[in-house]
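Text of the file protein-v5.cif, holding mmCIF, C-alpha atoms and all ligand atoms:
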```cif
data_coords
#
loop_
_atom_site.label_atom_id
_atom_site.label_comp_id
_atom_site.auth_asym_id
_atom_site.auth_seq_id
_atom_site.Cartn_x
_atom_site.Cartn_y
_atom_site.Cartn_z
CA MET N 19 85.51 103.62 100.62
CA LEU N 20 88.30 105.74 99.15
CA LEU N 21 88.83 105.39 95.40
CA VAL N 22 92.54 105.74 94.71
CA PRO N 23 93.53 106.50 91.12
CA CYS N 24 96.38 104.13 90.25
CA PRO N 25 98.30 105.41 87.20
CA ASN N 26 98.35 101.85 85.79
CA CYS N 27 95.06 100.26 86.89
CA GLY N 28 92.73 103.25 87.18
CA PRO N 29 90.49 103.97 90.19
CA ARG N 30 90.76 101.20 92.79
CA ASN N 31 89.37 100.57 96.25
CA SER N 32 91.97 101.73 98.79
CA ALA N 33 91.66 98.30 100.49
CA ASP N 34 93.42 96.87 97.40
CA LEU N 35 96.40 99.22 97.94
CA ARG N 36 98.86 99.84 100.72
CA TYR N 37 99.33 103.34 102.06
CA PHE N 38 102.97 104.28 102.52
CA GLY N 39 102.47 107.72 104.02
CA GLU N 40 104.00 111.06 103.22
CA SER N 41 106.41 111.23 100.34
CA HIS N 42 109.53 113.29 101.02
CA GLU N 43 112.80 113.53 99.19
CA ARG N 44 115.39 111.11 100.61
CA PRO N 45 118.44 112.90 102.06
CA ASN N 46 121.84 112.31 100.52
CA PRO N 47 123.36 109.31 102.44
CA ALA N 48 126.85 110.76 102.01
CA SER N 49 126.12 114.04 103.74
CA ALA N 50 122.91 113.73 105.81
CA SER N 51 123.11 114.30 109.57
CA PRO N 52 121.42 111.96 112.10
CA HIS N 53 118.81 114.68 112.64
CA GLU N 54 118.02 114.76 108.90
CA TRP N 55 117.65 110.96 108.83
CA ARG N 56 115.35 110.94 111.87
CA SER N 57 113.29 113.66 110.30
CA TYR N 58 113.06 111.76 106.99
CA LEU N 59 112.24 108.41 108.61
CA TYR N 60 109.99 109.32 111.51
CA LEU N 61 108.69 112.88 111.43
CA GLU N 62 105.56 113.84 109.54
CA ASP N 63 104.08 117.15 108.40
CA ASN N 64 100.50 115.83 108.84
CA PRO N 65 98.81 118.88 107.29
CA ALA N 66 95.07 119.43 106.88
CA ASP N 67 95.84 120.38 103.29
CA TRP N 68 97.31 119.00 100.07
CA LEU N 69 99.79 116.22 100.78
CA LYS N 70 102.15 114.29 98.52
CA GLU N 71 101.97 110.62 99.51
CA SER N 72 103.16 107.17 98.41
CA TRP N 73 100.91 104.22 97.63
CA PHE N 74 101.60 100.62 96.66
CA CYS N 75 99.17 98.89 94.27
CA ARG N 76 99.13 95.57 96.14
CA SER N 77 96.37 93.69 94.29
CA GLY N 78 96.84 95.31 90.90
CA CYS N 79 100.01 96.32 89.08
CA ARG N 80 102.28 95.94 92.15
CA ARG N 81 103.92 99.30 91.51
CA TYR N 82 104.66 102.19 93.87
CA PHE N 83 103.43 105.62 92.88
CA THR N 84 103.01 109.11 94.30
CA LEU N 85 99.78 111.09 94.48
CA GLU N 86 98.62 114.40 95.87
CA ARG N 87 95.60 114.07 98.16
CA HIS N 88 93.78 116.68 100.19
CA THR N 89 93.69 115.23 103.69
CA GLY N 90 90.56 117.23 104.54
CA THR N 91 88.39 116.27 101.55
CA ASN N 92 90.12 113.10 100.22
CA GLU N 93 90.20 114.71 96.78
CA PHE N 94 93.09 113.72 94.50
CA ARG N 95 94.74 116.54 92.54
CA SER N 96 95.16 115.88 88.78
CA PRO N 97 95.80 112.19 89.26
CA PRO N 98 97.63 110.45 86.44
CA MET N 99 95.20 108.05 84.78
CA PRO N 100 95.83 105.01 82.56
CA GLY N 101 96.39 105.74 78.90
CA ASN N 102 98.00 109.11 79.71
CA LYS N 103 94.60 110.62 80.40
CA VAL N 104 94.60 113.16 83.19
CA GLY N 105 91.58 112.68 85.41
CA GLY N 106 89.90 115.26 87.58
CA LYS N 107 88.36 114.33 90.88
CA ALA N 108 88.89 110.59 91.37
CA MET D 18 102.56 48.24 86.32
CA VAL D 19 103.72 51.85 85.95
CA ASP D 20 101.89 54.60 87.80
CA VAL D 21 101.18 57.52 85.54
CA LEU D 22 101.67 60.88 87.26
CA ARG D 23 98.50 62.89 87.04
CA PHE D 24 97.92 66.58 87.73
CA GLU D 25 96.17 67.04 91.07
CA SER D 26 93.95 70.08 91.18
CA PRO D 27 93.83 72.12 94.38
CA VAL D 28 90.03 72.12 94.02
CA THR D 29 88.83 68.83 95.48
CA THR D 30 85.24 69.53 96.56
CA ILE D 31 82.77 67.77 94.30
CA TYR D 32 79.82 69.95 93.44
CA PRO D 33 76.73 68.50 91.82
CA THR D 34 76.14 69.63 88.26
CA GLY D 35 73.26 72.11 88.15
CA GLU D 36 70.22 72.34 85.89
CA THR D 37 71.17 75.56 84.13
CA GLU D 38 74.07 76.25 81.81
CA ASP D 39 73.50 80.01 81.99
CA LEU D 40 76.34 80.46 84.46
CA THR D 41 79.08 77.88 84.71
CA LEU D 42 82.31 77.57 86.67
CA GLY D 43 85.01 75.13 85.63
CA ASP D 44 88.42 74.22 87.01
CA LEU D 45 91.17 74.86 84.44
CA SER D 46 94.09 74.52 86.87
CA GLU D 47 95.78 71.84 84.76
CA ILE D 48 96.35 74.25 81.86
CA THR D 49 99.98 75.29 81.33
CA LYS D 50 100.83 78.72 82.75
CA GLN D 51 104.18 80.40 82.15
CA ILE D 52 105.00 83.80 83.58
CA VAL D 53 107.44 85.89 81.55
CA ARG D 54 109.04 88.95 83.10
CA ALA D 55 110.48 91.16 80.41
CA ASP D 56 111.34 94.83 80.52
CA SER D 57 109.31 96.77 77.95
CA LYS D 58 112.50 97.66 76.08
CA THR D 59 113.50 94.00 75.51
CA ALA D 60 113.07 92.06 72.28
CA ALA D 61 111.03 89.45 74.21
CA ALA D 62 108.42 92.06 75.21
CA GLU D 63 108.21 93.16 71.58
CA GLN D 64 107.72 89.54 70.48
CA LEU D 65 104.94 88.99 73.02
CA ALA D 66 103.28 92.11 71.60
CA VAL D 67 100.70 92.94 74.27
CA THR D 68 100.50 95.93 76.57
CA PHE D 69 99.52 95.87 80.24
CA GLY D 70 95.79 95.22 80.50
CA SER D 71 95.34 93.56 77.11
CA SER D 72 95.71 90.09 75.62
CA ARG D 73 96.33 88.35 72.32
CA ILE D 74 95.52 84.84 71.10
CA ASP D 75 98.43 83.12 69.38
CA GLY D 76 97.27 79.70 68.14
CA ASP D 77 96.75 77.51 71.22
CA VAL D 78 98.21 80.10 73.60
CA ILE D 79 96.80 83.30 75.01
CA VAL D 80 99.31 86.00 75.96
CA LEU D 81 98.09 88.21 78.81
CA GLY D 82 99.70 91.53 79.77
CA GLN D 83 98.95 91.03 83.47
CA ARG D 84 101.27 93.67 84.94
CA PRO D 85 103.67 96.25 83.58
CA ASP D 86 106.61 94.21 82.21
CA GLU D 87 104.96 90.89 83.18
CA PHE D 88 103.16 88.47 80.86
CA LEU D 89 101.19 85.29 81.51
CA LEU D 90 101.13 82.65 78.79
CA VAL D 91 98.27 80.17 79.07
CA GLY D 92 97.65 77.25 76.75
CA THR D 93 98.55 73.71 75.79
CA PRO D 94 101.96 72.44 77.01
CA THR D 95 103.44 72.15 73.51
CA ALA D 96 102.19 75.51 72.23
CA THR D 97 103.36 77.45 75.31
CA ALA D 98 106.74 75.64 75.23
CA SER D 99 107.30 76.54 71.59
CA LEU D 100 106.35 80.19 72.22
CA VAL D 101 108.77 80.33 75.18
CA GLU D 102 111.53 78.62 73.19
CA GLY D 103 111.22 81.21 70.45
CA LEU D 104 111.65 84.15 72.87
CA ASP D 105 114.74 86.31 72.56
CA ARG D 106 116.30 86.11 76.06
CA SER D 107 118.60 89.11 75.67
CA GLY D 108 118.27 91.77 78.35
CA HIS D 109 116.22 91.51 81.54
CA VAL D 110 114.02 88.46 80.77
CA SER D 111 112.92 85.54 82.95
CA VAL D 112 110.47 82.68 82.39
CA ILE D 113 109.00 80.59 85.21
CA ASP D 114 106.48 77.76 84.85
CA HIS D 115 103.60 78.40 87.26
CA THR D 116 101.38 75.50 86.18
CA HIS D 117 101.67 73.90 89.62
CA SER D 118 101.70 77.06 91.73
CA ARG D 119 98.75 78.92 90.23
CA ALA D 120 95.19 77.67 89.89
CA MET D 121 92.88 78.77 87.09
CA PHE D 122 89.10 78.79 86.74
CA ARG D 123 86.78 79.73 83.93
CA LEU D 124 83.53 81.53 84.70
CA THR D 125 81.16 81.70 81.72
CA GLY D 126 77.64 82.95 81.10
CA SER D 127 75.41 86.01 80.87
CA ASN D 128 75.66 86.54 84.65
CA ALA D 129 79.44 86.08 84.85
CA SER D 130 80.16 89.78 85.27
CA ALA D 131 77.32 90.17 87.81
CA THR D 132 78.92 87.36 89.82
CA LEU D 133 82.36 89.03 89.73
CA GLU D 134 80.82 92.34 90.79
CA LYS D 135 79.74 90.69 94.04
CA LEU D 136 83.33 89.73 94.85
CA CYS D 137 85.42 92.54 93.45
CA SER D 138 85.38 96.33 93.17
CA VAL D 139 86.52 96.49 89.53
CA ASP D 140 84.09 97.85 86.90
CA TRP D 141 83.21 94.88 84.65
CA SER D 142 81.08 96.89 82.21
CA GLU D 143 81.77 96.76 78.47
CA PRO D 144 83.66 100.06 78.04
CA MET D 145 85.97 99.49 81.01
CA THR D 146 86.75 95.80 80.44
CA PRO D 147 85.98 94.78 76.84
CA ASN D 148 86.64 91.30 75.47
CA GLY D 149 90.39 90.63 75.81
CA ALA D 150 90.87 92.94 78.82
CA VAL D 151 93.21 91.78 81.58
CA VAL D 152 92.90 93.02 85.17
CA SER D 153 94.78 92.27 88.37
CA ALA D 154 92.60 92.77 91.41
CA SER D 155 91.44 91.10 94.59
CA LEU D 156 88.51 88.73 94.27
CA ALA D 157 86.97 87.79 97.63
CA LYS D 158 90.19 89.32 99.09
CA VAL D 159 92.42 86.96 97.06
CA GLY D 160 94.93 88.54 94.66
CA CYS D 161 93.91 87.37 91.18
CA ASP D 162 94.73 87.91 87.54
CA ILE D 163 91.51 87.99 85.53
CA ALA D 164 91.13 88.01 81.75
CA ARG D 165 87.91 88.44 79.82
CA LEU D 166 87.92 85.92 77.00
CA ASP D 167 84.38 85.54 75.64
CA ARG D 168 83.16 82.23 74.25
CA GLY D 169 81.05 83.17 71.24
CA PRO D 170 78.21 85.41 72.49
CA ASP D 171 78.82 84.46 76.15
CA ARG D 172 80.86 86.46 78.62
CA SER D 173 83.72 84.39 79.95
CA TYR D 174 86.52 85.10 82.41
CA LEU D 175 89.76 83.27 83.14
CA ILE D 176 90.63 83.68 86.81
CA ALA D 177 94.11 82.82 88.12
CA CYS D 178 95.12 82.76 91.80
CA ASP D 179 97.73 81.11 94.00
CA ARG D 180 97.14 77.39 94.40
CA SER D 181 96.82 77.61 98.18
CA PHE D 182 93.77 79.90 97.93
CA ALA D 183 92.11 77.98 95.10
CA GLN D 184 89.59 75.90 97.03
CA TYR D 185 88.50 78.91 99.09
CA LEU D 186 88.10 81.09 96.00
CA PHE D 187 86.24 78.37 94.07
CA ASP D 188 83.77 78.06 96.97
CA ALA D 189 83.43 81.87 97.21
CA ILE D 190 82.57 82.12 93.49
CA ILE D 191 79.97 79.34 93.92
CA ASP D 192 78.45 81.26 96.84
CA ALA D 193 78.29 84.45 94.77
CA GLY D 194 76.85 82.63 91.74
CA ASN D 195 74.19 80.67 93.61
CA GLU D 196 71.60 83.40 93.06
CA PHE D 197 72.16 82.96 89.29
CA ASP D 198 71.93 79.12 89.52
CA ILE D 199 75.64 78.60 88.90
CA ALA D 200 76.57 75.11 87.68
CA VAL D 201 79.97 73.45 87.99
CA VAL D 202 81.24 71.93 84.76
CA ALA D 203 84.22 69.76 83.88
CA LEU D 204 86.62 71.51 81.47
CA ALA D 205 89.41 70.08 79.35
CA PRO D 206 92.67 72.00 79.97
CA THR D 207 92.49 74.03 76.76
CA LEU D 208 91.18 77.46 75.84
CA VAL D 209 88.60 76.25 73.28
ZN ZN V 1 97.86 99.53 89.92
#
```

Write-out of the structure in C-alpha cells:
Amino acid sequence: MLLVPCPNCGPRNSADLRYFGESHERPNPASASPHEWRSYLYLEDNPADWLKESWFCRSGCRRYFTLERHTGTNEFRSPPMPGNKVGGKA
Amino acid sequence: MVDVLRFESPVTTIYPTGETEDLTLGDLSEITKQIVRADSKTAAAEQLAVTFGSSRIDGDVIVLGQRPDEFLLVGTPTATASLVEGLDRSGHVSVIDHTHSRAMFRLTGSNASATLEKLCSVDWSEPMTPNGAVVSASLAKVGCDIARLDRGPDRSYLIACDRSFAQYLFDAIIDAGNEFDIAVVALAPTLV
C-alpha cells in the first residue's frame, strides 16, 4: 500500500485517490503548436527519479493536488500536510 | 382516510436485537441533512463557523466541515431549516436538502473505532480523530462522511453515505462488528 499525503486529509491509502500522472505546465492555447499539444497530452518523461505528479483525493476532500514522488523509492518530497505542517517521509 | 407519507429508509433488513449494548448500530437515515457549499470567503461560511475536519453543535443541529468549502448540517427539520434560513446567501453559496439521497447510521460503543478500523484505512486513534472530528473516507469501499460525536463516555460515529449503498454498508458494518457482539438498535431521528 502506498500512503499518499493529501494536503487536506493527511496520509491516505492510494486506493482512496486517483492518480492523474505527470504534472506539466499547460501550453498557451493561443500560441501552442500541434506538436506542443501532443507532447503535453500524450508524452511522458517517465524518469526513475523525482517526479511532479497530480493526484485526485476521490474519497476524501475531492480536491486535485500536486506532489513530488521518487518513482524508484515511492518517497514523497516535503509533502504539504494538513494544518500547514510540513511532513518528511510520508 | 388520508395516507400519511412516511420516510422509507433504504435499510430494510431486519436484524435481531443482540444481548450486548457494548457496540450498537442504528439507522438514522430519517434525520434531516442539508449540504451547504460556501466559499471560505463568504459570509455564510463565517456564520457556519467550522473548518474542514471539525464540527460544532448548534442547538438541535450539528454543523460538519466535511470538505473544504462544504458543510453538512444534520438535525431536526425545524432546527436545520431555521439555520439555513438565517444564512447570508451573498457570494458563491448553495444549499441542497440531501435527506432523501443520503443515508446515515450511528455506531456507538467502546469497540466502535475498532469496527471502523476493519473497514477503513483512516487512523481512528484519539490524537488523530478526537471527539468532533470529521473525516471523508471510503468505508468498505463506499465513499462516506464520518463524524465522531461521542455520547457521554462512549465513542460514537455518525456515518453518511449515498442512499443506494446504504443497505450494503449497513450489512458490512454488521459483519465487521460481529466479533464485538454488535447489536442493532432503533434510533429516533435526533442527535440526542
Ligand atoms: Zn484529501

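For the pair CA of Cys178 in chain D and CA of Pro144 in chain D, the separation is 24.9 Å.
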
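Contacts with ligand ZN 1 (chain V) are defined as any residue atom within 8 Å of a ligand atom, using all atoms listed in the file; the residues meeting this criterion are Cys24, Pro25, Asn26, Cys27, Gly28, Arg30, Phe74, Cys75, Arg76, Ser77, Gly78, Cys79, Arg80 and Arg81 of chain N.
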
Item to check | Gap from CA of Lys58 in chain D to CA of His109 in chain D - Å, one decimal | outcome: 9.0 Å

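Put simply, CA of Phe88 in chain D is 11.9 Å away from CA of Asp114 in chain D.
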
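If you measure from each of D:Ala154, D:Leu89, D:Leu124, D:Ile74 to Asp171 in chain D using only C-alpha atoms, the closest one turns out to be D:Leu124.
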
Using the block above, I'd like range 80-95 of chain N written out, keeping all heavy atoms and formatting it as a CSV table (one decimal), in the first residue's frame.
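Saved result, selection.csv, follows:
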```
chain,number,residue,atom,x,y,z
N,80,ARG,N,-11.9,15.6,-2.2
N,80,ARG,CA,-12.3,15.7,-3.6
N,80,ARG,C,-11.6,17.0,-4.2
N,80,ARG,O,-12.2,17.7,-4.9
N,80,ARG,CB,-13.8,15.8,-3.7
N,80,ARG,CG,-14.4,14.5,-3.3
N,80,ARG,CD,-15.9,14.5,-3.5
N,80,ARG,NE,-16.4,13.3,-2.8
N,80,ARG,CZ,-17.7,13.1,-2.5
N,80,ARG,NH1,-18.6,13.9,-2.9
N,80,ARG,NH2,-18.0,12.1,-1.8
N,81,ARG,N,-10.3,17.1,-3.9
N,81,ARG,CA,-9.5,18.2,-4.5
N,81,ARG,C,-8.4,17.5,-5.3
N,81,ARG,O,-7.9,16.5,-4.9
N,81,ARG,CB,-8.9,19.1,-3.4
N,81,ARG,CG,-10.0,19.9,-2.6
N,81,ARG,CD,-10.5,20.9,-3.5
N,81,ARG,NE,-11.8,21.5,-3.0
N,81,ARG,CZ,-11.9,22.7,-2.6
N,81,ARG,NH1,-10.8,23.5,-2.6
N,81,ARG,NH2,-13.0,23.2,-2.2
N,82,TYR,N,-7.9,18.3,-6.3
N,82,TYR,CA,-6.7,17.9,-7.0
N,82,TYR,C,-5.5,18.5,-6.3
N,82,TYR,O,-5.6,19.6,-5.8
N,82,TYR,CB,-6.8,18.4,-8.5
N,82,TYR,CG,-7.8,17.7,-9.3
N,82,TYR,CD1,-9.1,18.1,-9.3
N,82,TYR,CD2,-7.5,16.6,-10.1
N,82,TYR,CE1,-10.1,17.5,-10.0
N,82,TYR,CE2,-8.4,16.0,-10.9
N,82,TYR,CZ,-9.7,16.4,-10.8
N,82,TYR,OH,-10.7,15.8,-11.6
N,83,PHE,N,-4.4,17.8,-6.3
N,83,PHE,CA,-3.2,18.5,-5.8
N,83,PHE,C,-1.9,17.9,-6.5
N,83,PHE,O,-2.0,16.8,-7.2
N,83,PHE,CB,-3.1,18.3,-4.3
N,83,PHE,CG,-3.1,16.9,-3.8
N,83,PHE,CD1,-2.0,16.2,-3.6
N,83,PHE,CD2,-4.4,16.3,-3.5
N,83,PHE,CE1,-2.0,14.9,-3.1
N,83,PHE,CE2,-4.4,15.0,-3.0
N,83,PHE,CZ,-3.3,14.3,-2.8
N,84,THR,N,-0.8,18.5,-6.3
N,84,THR,CA,0.4,18.1,-6.9
N,84,THR,C,1.4,17.7,-5.9
N,84,THR,O,1.5,18.3,-4.8
N,84,THR,CB,1.0,19.3,-7.8
N,84,THR,OG1,0.0,19.7,-8.7
N,84,THR,CG2,2.2,18.9,-8.6
N,85,LEU,N,2.1,16.6,-6.1
N,85,LEU,CA,3.1,16.1,-5.2
N,85,LEU,C,4.4,15.8,-6.0
N,85,LEU,O,4.4,15.5,-7.2
N,85,LEU,CB,2.7,14.9,-4.5
N,85,LEU,CG,1.6,14.9,-3.4
N,85,LEU,CD1,1.3,13.5,-3.0
N,85,LEU,CD2,2.2,15.7,-2.2
N,86,GLU,N,5.5,15.7,-5.2
N,86,GLU,CA,6.7,15.2,-5.8
N,86,GLU,C,7.0,13.8,-5.2
N,86,GLU,O,7.1,13.7,-4.0
N,86,GLU,CB,7.9,16.2,-5.5
N,86,GLU,CG,8.1,17.2,-6.6
N,86,GLU,CD,9.4,18.0,-6.4
N,86,GLU,OE1,9.4,18.7,-5.4
N,86,GLU,OE2,10.3,17.7,-7.1
N,87,ARG,N,7.1,12.8,-6.1
N,87,ARG,CA,7.4,11.5,-5.6
N,87,ARG,C,8.6,10.9,-6.3
N,87,ARG,O,8.8,11.2,-7.5
N,87,ARG,CB,6.2,10.6,-5.9
N,87,ARG,CG,6.3,9.1,-5.5
N,87,ARG,CD,5.0,8.4,-5.8
N,87,ARG,NE,4.7,8.3,-7.2
N,87,ARG,CZ,5.0,7.3,-8.0
N,87,ARG,NH1,5.6,6.2,-7.5
N,87,ARG,NH2,4.7,7.3,-9.3
N,88,HIS,N,9.4,10.1,-5.6
N,88,HIS,CA,10.5,9.5,-6.2
N,88,HIS,C,10.0,8.1,-6.8
N,88,HIS,O,9.5,7.3,-6.0
N,88,HIS,CB,11.7,9.2,-5.2
N,88,HIS,CG,13.0,8.9,-5.9
N,88,HIS,ND1,13.2,7.7,-6.5
N,88,HIS,CD2,14.1,9.6,-6.1
N,88,HIS,CE1,14.4,7.7,-7.1
N,88,HIS,NE2,15.0,8.8,-6.9
N,89,THR,N,10.1,8.0,-8.1
N,89,THR,CA,9.4,6.8,-8.7
N,89,THR,C,10.2,5.5,-8.4
N,89,THR,O,9.7,4.4,-8.5
N,89,THR,CB,9.4,6.9,-10.2
N,89,THR,OG1,10.7,7.2,-10.7
N,89,THR,CG2,8.5,8.1,-10.6
N,90,GLY,N,11.5,5.7,-7.9
N,90,GLY,CA,12.2,4.5,-7.5
N,90,GLY,C,11.9,4.0,-6.1
N,90,GLY,O,11.9,2.8,-5.8
N,91,THR,N,11.7,4.9,-5.2
N,91,THR,CA,11.6,4.6,-3.8
N,91,THR,C,10.2,4.8,-3.2
N,91,THR,O,9.9,4.5,-2.1
N,91,THR,CB,12.6,5.4,-2.9
N,91,THR,OG1,12.2,6.8,-3.0
N,91,THR,CG2,14.0,5.2,-3.4
N,92,ASN,N,9.3,5.5,-4.0
N,92,ASN,CA,8.0,5.9,-3.6
N,92,ASN,C,8.0,6.9,-2.4
N,92,ASN,O,7.0,7.1,-1.7
N,92,ASN,CB,7.1,4.7,-3.2
N,92,ASN,CG,6.4,4.1,-4.4
N,92,ASN,OD1,6.2,4.8,-5.4
N,92,ASN,ND2,6.0,2.9,-4.3
N,93,GLU,N,9.1,7.6,-2.2
N,93,GLU,CA,9.2,8.6,-1.2
N,93,GLU,C,8.6,9.9,-1.7
N,93,GLU,O,8.8,10.2,-2.8
N,93,GLU,CB,10.7,8.8,-0.8
N,93,GLU,CG,10.9,9.7,0.4
N,93,GLU,CD,12.4,10.0,0.7
N,93,GLU,OE1,13.2,9.3,0.0
N,93,GLU,OE2,12.7,10.9,1.5
N,94,PHE,N,7.9,10.6,-0.8
N,94,PHE,CA,7.3,11.9,-1.2
N,94,PHE,C,8.2,13.0,-0.6
N,94,PHE,O,8.7,12.9,0.5
N,94,PHE,CB,5.9,12.1,-0.6
N,94,PHE,CG,4.9,11.2,-1.4
N,94,PHE,CD1,4.6,10.0,-0.9
N,94,PHE,CD2,4.4,11.6,-2.6
N,94,PHE,CE1,3.7,9.2,-1.5
N,94,PHE,CE2,3.4,10.8,-3.2
N,94,PHE,CZ,3.1,9.6,-2.7
N,95,ARG,N,8.6,14.0,-1.4
N,95,ARG,CA,9.5,15.0,-1.0
N,95,ARG,C,8.7,16.2,-0.4
N,95,ARG,O,7.8,16.8,-1.0
N,95,ARG,CB,10.3,15.5,-2.2
N,95,ARG,CG,11.3,16.6,-1.9
N,95,ARG,CD,12.5,16.5,-2.8
N,95,ARG,NE,12.2,16.9,-4.2
N,95,ARG,CZ,13.2,16.8,-5.1
N,95,ARG,NH1,14.4,16.4,-4.8
N,95,ARG,NH2,12.8,17.2,-6.3
```
